[in-house]
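Novice: What follows is my_file.txt; its format and atoms are compact mmCIF, C-alpha atoms.
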# COMPACT_ATOMS: atom_id res chain seq x y z
CA GLU J 1330 -30.85 -22.32 -17.11
CA ALA J 1331 -29.41 -23.53 -20.42
CA GLN J 1332 -28.28 -27.09 -20.02
CA VAL J 1333 -26.87 -30.03 -21.93
CA THR J 1334 -27.38 -33.10 -19.77
CA GLN J 1335 -25.61 -36.37 -20.33
CA ASN J 1336 -26.28 -39.58 -18.47
CA PRO J 1337 -24.70 -41.54 -17.04
CA ARG J 1338 -21.61 -39.63 -15.94
CA TYR J 1339 -19.62 -42.83 -15.52
CA LEU J 1340 -20.29 -46.30 -16.92
CA ILE J 1341 -18.33 -49.52 -16.69
CA THR J 1342 -19.63 -52.37 -18.80
CA VAL J 1343 -18.56 -55.58 -20.46
CA THR J 1344 -17.90 -56.35 -24.09
CA GLY J 1345 -21.04 -56.97 -26.11
CA LYS J 1346 -23.61 -55.62 -23.67
CA LYS J 1347 -25.72 -53.01 -25.42
CA LEU J 1348 -25.77 -49.60 -23.83
CA THR J 1349 -27.22 -46.15 -24.42
CA VAL J 1350 -25.79 -42.82 -23.37
CA THR J 1351 -28.44 -40.13 -23.25
CA CYS J 1352 -28.11 -36.47 -24.13
CA SER J 1353 -30.80 -33.89 -23.53
CA GLN J 1354 -30.83 -30.14 -24.14
CA ASN J 1355 -33.31 -27.49 -23.09
CA MET J 1356 -32.25 -24.77 -25.51
CA ASN J 1357 -34.35 -25.83 -28.50
CA HIS J 1358 -31.18 -26.23 -30.56
CA GLU J 1359 -31.50 -27.88 -33.93
CA TYR J 1360 -27.92 -29.15 -34.10
CA MET J 1361 -26.63 -31.92 -31.82
CA SER J 1362 -23.46 -33.94 -32.02
CA TRP J 1363 -21.49 -36.65 -30.27
CA TYR J 1364 -17.71 -36.60 -29.81
CA ARG J 1365 -15.27 -38.96 -28.22
CA GLN J 1366 -12.09 -37.75 -26.58
CA ASP J 1367 -9.02 -39.94 -26.30
CA PRO J 1368 -5.51 -39.11 -25.06
CA GLY J 1369 -3.32 -37.89 -27.88
CA LEU J 1370 -6.20 -37.84 -30.35
CA GLY J 1371 -8.26 -34.90 -29.17
CA LEU J 1372 -11.98 -34.77 -29.90
CA ARG J 1373 -13.34 -36.72 -32.81
CA GLN J 1374 -16.87 -36.44 -34.08
CA ILE J 1375 -18.95 -39.63 -34.06
CA TYR J 1376 -22.35 -38.55 -35.38
CA TYR J 1377 -24.27 -35.34 -35.71
CA SER J 1378 -27.83 -34.28 -36.32
CA MET J 1379 -28.99 -31.13 -38.05
CA ASN J 1380 -32.61 -31.57 -36.97
CA VAL J 1381 -35.24 -34.11 -35.98
CA GLU J 1382 -34.92 -37.30 -38.03
CA VAL J 1383 -31.78 -35.96 -39.73
CA THR J 1384 -28.53 -37.64 -38.70
CA ASP J 1385 -25.18 -38.03 -40.39
CA LYS J 1386 -21.85 -39.71 -39.79
CA GLY J 1387 -18.89 -37.86 -38.38
CA ASP J 1388 -15.29 -38.99 -38.53
CA VAL J 1389 -15.51 -42.14 -36.38
CA PRO J 1390 -19.06 -43.57 -36.65
CA GLU J 1391 -18.17 -47.28 -36.67
CA GLY J 1392 -19.71 -49.18 -33.79
CA TYR J 1393 -22.18 -46.43 -32.90
CA LYS J 1394 -25.78 -45.58 -33.68
CA VAL J 1395 -27.83 -42.49 -32.95
CA SER J 1396 -31.43 -41.41 -33.23
CA ARG J 1397 -33.15 -38.04 -33.23
CA LYS J 1398 -36.84 -38.61 -32.71
CA GLU J 1399 -37.36 -35.35 -30.90
CA LYS J 1400 -35.44 -32.10 -30.82
CA ARG J 1401 -34.27 -32.21 -27.24
CA ASN J 1402 -32.81 -35.74 -27.16
CA PHE J 1403 -29.96 -37.34 -29.07
CA PRO J 1404 -29.02 -40.72 -27.58
CA LEU J 1405 -25.81 -42.53 -28.50
CA ILE J 1406 -26.23 -46.28 -28.81
CA LEU J 1407 -23.50 -48.90 -28.66
CA GLU J 1408 -25.11 -52.12 -29.83
CA SER J 1409 -22.11 -54.32 -29.02
CA PRO J 1410 -19.48 -52.31 -27.13
CA SER J 1411 -15.83 -53.28 -27.46
CA PRO J 1412 -12.80 -52.26 -25.37
CA ASN J 1413 -11.65 -49.82 -28.07
CA GLN J 1414 -14.76 -47.79 -27.34
CA THR J 1415 -13.47 -47.02 -23.88
CA SER J 1416 -13.37 -43.26 -23.97
CA LEU J 1417 -14.73 -39.96 -22.71
CA TYR J 1418 -17.86 -39.02 -24.64
CA PHE J 1419 -19.31 -35.55 -25.08
CA CYS J 1420 -22.61 -34.38 -26.44
CA ALA J 1421 -22.70 -30.90 -27.95
CA THR J 1422 -25.53 -28.70 -29.20
CA GLY J 1423 -25.97 -25.36 -30.88
CA THR J 1424 -27.74 -23.26 -33.43
CA GLY J 1425 -24.68 -23.01 -35.60
CA LEU J 1426 -21.77 -21.78 -33.51
CA PRO J 1427 -20.59 -21.84 -30.79
CA LEU J 1428 -21.25 -25.28 -29.42
CA HIS J 1429 -22.48 -26.02 -25.91
CA PHE J 1430 -21.07 -29.17 -24.37
CA GLY J 1431 -22.36 -31.58 -21.79
CA ASN J 1432 -20.14 -32.61 -18.90
CA GLY J 1433 -19.18 -35.89 -20.45
CA THR J 1434 -19.67 -39.63 -19.95
CA ARG J 1435 -16.65 -41.70 -19.08
CA LEU J 1436 -17.20 -45.16 -20.52
CA THR J 1437 -15.05 -48.20 -19.75
CA VAL J 1438 -15.62 -51.42 -21.67
CA THR J 1439 -13.86 -54.47 -20.24
CA SER Q 131 -7.69 -36.28 -39.91
CA GLN Q 132 -7.20 -33.40 -37.52
CA GLN Q 133 -7.58 -29.99 -39.05
CA GLY Q 134 -6.31 -27.86 -36.19
CA GLU Q 135 -3.10 -28.63 -34.33
CA GLU Q 136 -2.21 -26.77 -31.16
CA ASP Q 137 1.28 -25.93 -30.08
CA PRO Q 138 2.73 -26.46 -27.54
CA GLN Q 139 1.15 -29.65 -26.24
CA ALA Q 140 1.77 -28.48 -22.69
CA LEU Q 141 2.76 -25.17 -21.14
CA SER Q 142 3.61 -24.34 -17.55
CA ILE Q 143 4.05 -20.72 -16.45
CA GLN Q 144 3.98 -18.65 -13.30
CA GLU Q 145 0.84 -16.87 -12.22
CA GLY Q 146 0.76 -13.36 -13.60
CA GLU Q 147 2.70 -14.20 -16.74
CA ASN Q 148 1.14 -14.25 -20.20
CA ALA Q 149 0.37 -17.55 -21.90
CA THR Q 150 0.44 -17.96 -25.66
CA MET Q 151 -0.89 -20.98 -27.50
CA ASN Q 152 -0.81 -21.51 -31.23
CA CYS Q 153 -3.01 -23.36 -33.66
CA SER Q 154 -2.18 -24.34 -37.21
CA TYR Q 155 -4.61 -25.73 -39.73
CA LYS Q 156 -4.43 -27.15 -43.22
CA THR Q 157 -7.34 -26.05 -45.37
CA SER Q 158 -9.26 -22.83 -45.80
CA ILE Q 159 -11.74 -22.02 -43.07
CA ASN Q 160 -14.81 -19.88 -42.48
CA ASN Q 161 -13.98 -19.29 -38.85
CA LEU Q 162 -11.83 -20.52 -35.99
CA GLN Q 163 -12.85 -20.96 -32.39
CA TRP Q 164 -11.07 -21.52 -29.12
CA TYR Q 165 -12.53 -23.66 -26.37
CA ARG Q 166 -11.40 -24.37 -22.83
CA GLN Q 167 -11.74 -27.65 -20.96
CA ASN Q 168 -11.27 -28.11 -17.25
CA SER Q 169 -10.11 -31.58 -16.31
CA GLY Q 170 -12.62 -34.20 -17.42
CA ARG Q 171 -15.37 -31.63 -18.02
CA GLY Q 172 -17.11 -30.41 -21.15
CA LEU Q 173 -15.61 -27.80 -23.41
CA VAL Q 174 -16.58 -24.19 -22.93
CA HIS Q 175 -16.53 -21.76 -25.83
CA LEU Q 176 -14.14 -18.83 -25.37
CA ILE Q 177 -14.00 -16.87 -28.59
CA LEU Q 178 -14.74 -17.12 -32.31
CA ILE Q 179 -12.82 -15.29 -35.00
CA ARG Q 180 -14.05 -15.16 -38.58
CA SER Q 181 -11.81 -15.62 -41.57
CA ASN Q 182 -12.05 -11.93 -42.48
CA GLU Q 183 -10.94 -10.83 -39.00
CA ARG Q 184 -7.32 -10.55 -37.90
CA GLU Q 185 -7.62 -9.97 -34.17
CA LYS Q 186 -10.26 -10.22 -31.49
CA HIS Q 187 -10.33 -9.48 -27.78
CA SER Q 188 -12.44 -10.74 -24.93
CA GLY Q 189 -11.40 -9.73 -21.43
CA ARG Q 190 -7.91 -11.14 -20.84
CA LEU Q 191 -8.06 -13.13 -24.07
CA ARG Q 192 -6.62 -12.01 -27.35
CA VAL Q 193 -6.92 -14.12 -30.49
CA THR Q 194 -5.17 -13.49 -33.77
CA LEU Q 195 -5.74 -15.15 -37.09
CA ASP Q 196 -3.36 -15.24 -40.04
CA THR Q 197 -5.11 -16.93 -42.93
CA SER Q 198 -2.04 -16.65 -45.16
CA LYS Q 199 -0.07 -18.78 -42.69
CA LYS Q 200 -3.12 -20.82 -41.70
CA SER Q 201 -2.47 -20.16 -38.05
CA SER Q 202 -4.06 -18.62 -34.99
CA SER Q 203 -2.81 -17.72 -31.55
CA LEU Q 204 -4.56 -17.40 -28.21
CA LEU Q 205 -2.98 -15.08 -25.67
CA ILE Q 206 -4.09 -15.09 -22.05
CA THR Q 207 -2.74 -12.07 -20.23
CA ALA Q 208 -2.02 -11.85 -16.49
CA SER Q 209 -2.65 -15.55 -16.01
CA ARG Q 210 -4.35 -16.89 -12.89
CA ALA Q 211 -4.30 -20.32 -11.27
CA ALA Q 212 -7.91 -20.74 -12.38
CA ASP Q 213 -6.77 -20.55 -16.02
CA THR Q 214 -5.23 -24.01 -15.61
CA ALA Q 215 -7.04 -26.09 -18.23
CA SER Q 216 -6.71 -27.54 -21.70
CA TYR Q 217 -7.32 -25.22 -24.62
CA PHE Q 218 -8.53 -26.36 -28.02
CA CYS Q 219 -8.83 -24.65 -31.33
CA ALA Q 220 -11.62 -25.73 -33.63
CA THR Q 221 -11.94 -25.01 -37.30
CA ASP Q 222 -14.86 -25.56 -39.58
CA ARG Q 223 -14.40 -27.54 -42.74
CA GLY Q 224 -17.10 -25.60 -44.52
CA ARG Q 225 -19.39 -28.59 -44.98
CA SER Q 226 -22.34 -26.26 -44.69
CA GLY Q 227 -20.76 -22.88 -45.09
CA GLY Q 228 -19.34 -22.56 -41.63
CA GLY Q 229 -21.75 -24.62 -39.60
CA ALA Q 230 -21.13 -26.73 -36.53
CA ASP Q 231 -21.32 -29.96 -38.52
CA GLY Q 232 -18.00 -29.19 -40.13
CA LEU Q 233 -16.18 -28.45 -36.87
CA THR Q 234 -12.85 -30.18 -36.24
CA PHE Q 235 -10.95 -29.93 -32.98
CA GLY Q 236 -7.22 -30.05 -32.41
CA LYS Q 237 -5.56 -32.13 -29.72
CA GLY Q 238 -5.26 -29.26 -27.30
CA THR Q 239 -2.67 -27.42 -25.24
CA HIS Q 240 -2.58 -28.25 -21.56
CA LEU Q 241 -1.86 -25.06 -19.65
CA ILE Q 242 -0.67 -25.15 -16.05
CA ILE Q 243 -0.46 -21.94 -14.06
CA GLN Q 244 1.87 -22.24 -11.10
CA PRO Q 245 0.78 -20.14 -8.09
Write out the structure in this file as structure tokens.

Specialist:
Amino acid sequence: EAQVTQNPRYLITVTGKKLTVTCSQNMNHEYMSWYRQDPGLGLRQIYYSMNVEVTDKGDVPEGYKVSRKEKRNFPLILESPSPNQTSLYFCATGTGLPLHFGNGTRLTVT
Amino acid sequence: SQQGEEDPQALSIQEGENATMNCSYKTSINNLQWYRQNSGRGLVHLILIRSNEREKHSGRLRVTLDTSKKSSSLLITASRAADTASYFCATDRGRSGGGADGLTFGKGTHLIIQP
């Protein structure tokens, strides 16, 4: 079954404590991307990757890092989380269009 | 900045009625897509319409695209309670000729179907 798996589903953490949100896909897709969704702002792209070792900034990359060491995984790293990064995060993958989304990670930074 | 903007922001109708949502965008596009999101879940792709197409159907969904007005509409016919969700249009900015890296989402229309 085609899947995009994000973990964790929910995370509450404190300011400054490094965290990683994982994303894994079993569809051999080259393209992977991270979005954040905030009320009134819709989905905004954080980073994307066109293939292994190829990553690029989206619209709101500040405060985030990503890596793409292997095709199936695209972790999102927050080195020093701040309260303004409290949001609902989605990983998406595809070979072009359309995109397949994970079920989301709800992050709260206090 | 957001490329696609949906209208209305929220829509509540009775089950069985048709629901129409609109999307306007600012720059030229290669294609436009509609996605659906159930509360707090990931987006699910509904339909894609290319810039050289004017109308497309998929089951109870009908999408139109007017590139001269830079707008698209999504019509859901004979709505059901299960259609309650948020609907997003997404346009590509042509960063790579219509690829996913150039995709920009609107803020969505929240559709509520009253039983």

Novice: Which residues of stretch 188-228 of chain Q sit at most 9 Å from stretch 142-145 of chain Q, using all atoms listed in the file? Give each one's shortest atom pair and distance in Å (one decimal place), in chain and ascending residue order, as a tab-separated table.

Specialist:
residue	atom	partner	partner_atom	distance
Q:Ala208	CA	Q:Glu145	CA	7.2
Q:Ser209	CA	Q:Glu145	CA	5.3
Q:Arg210	CA	Q:Glu145	CA	5.2
Q:Ala211	CA	Q:Glu145	CA	6.3

Novice: Which value, in Å to one decimal, gives the distance between atom CA of J:Phe1419 and atom CA of Q:His187?

Specialist: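 Interatomic distance, atom CA of J:Phe1419 to atom CA of Q:His187: 27.7 Å.
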
Novice: What are the residues of chain Q that have an atom within 8 Å of an atom of chain J, counting all atoms listed in the file, as a list in words?

Specialist: Gln163, Gly170, Arg171, Gly172, Leu173, Val174, His175, Leu178, Gly229, Ala230, Asp231, Thr234, Phe235, Gly236, Lys237 and Gly238 of chain Q

Novice: May I ask for the distance between atom CA of J:Ser1409 and atom CA of J:Thr1334, given in Å to one decimal place?

Specialist: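 It comes out at 23.7 Å.
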
Novice: Within 8 Å of J:Thr1437, counting only C-alpha atoms, which residues show up once you throw out same-chain ones fewer than 6 positions away? Write them as a PyMOL selection string, please.

Specialist: chain J and resi 1340-1342+1412+1414-1416

Novice: Generate a file of the selected residues that holds C-alpha atoms, formatted as a short mmCIF file (atom, residue, chain, number, x, y, z; two decimals), in the coordinates of the input.

Specialist:
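Listed below is the output, result_10.cif:
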data_model
loop_
_atom_site.label_atom_id
_atom_site.label_comp_id
_atom_site.auth_asym_id
_atom_site.auth_seq_id
_atom_site.Cartn_x
_atom_site.Cartn_y
_atom_site.Cartn_z
CA LEU J 1340 -20.29 -46.30 -16.92
CA ILE J 1341 -18.33 -49.52 -16.69
CA THR J 1342 -19.63 -52.37 -18.80
CA PRO J 1412 -12.80 -52.26 -25.37
CA GLN J 1414 -14.76 -47.79 -27.34
CA THR J 1415 -13.47 -47.02 -23.88
CA SER J 1416 -13.37 -43.26 -23.97
#

Novice: Write out as a PyMOL selection string the residues lying within 9 Å of Q:Asn182, counting only C-alpha atoms and excluding same-chain residues fewer than 6 positions away.

Specialist: chain Q and resi 160-161+195+197

Novice: For the selection just defined, write its residues with C-alpha atoms to a file, as a PDB file, in the coordinates of the input.

Specialist:
ATOM      1  CA  ASN Q 160     -14.810 -19.880 -42.480  1.00  0.00           C
ATOM      2  CA  ASN Q 161     -13.980 -19.290 -38.850  1.00  0.00           C
ATOM      3  CA  LEU Q 195      -5.740 -15.150 -37.090  1.00  0.00           C
ATOM      4  CA  THR Q 197      -5.110 -16.930 -42.930  1.00  0.00           C
TER       5      THR Q 197
END
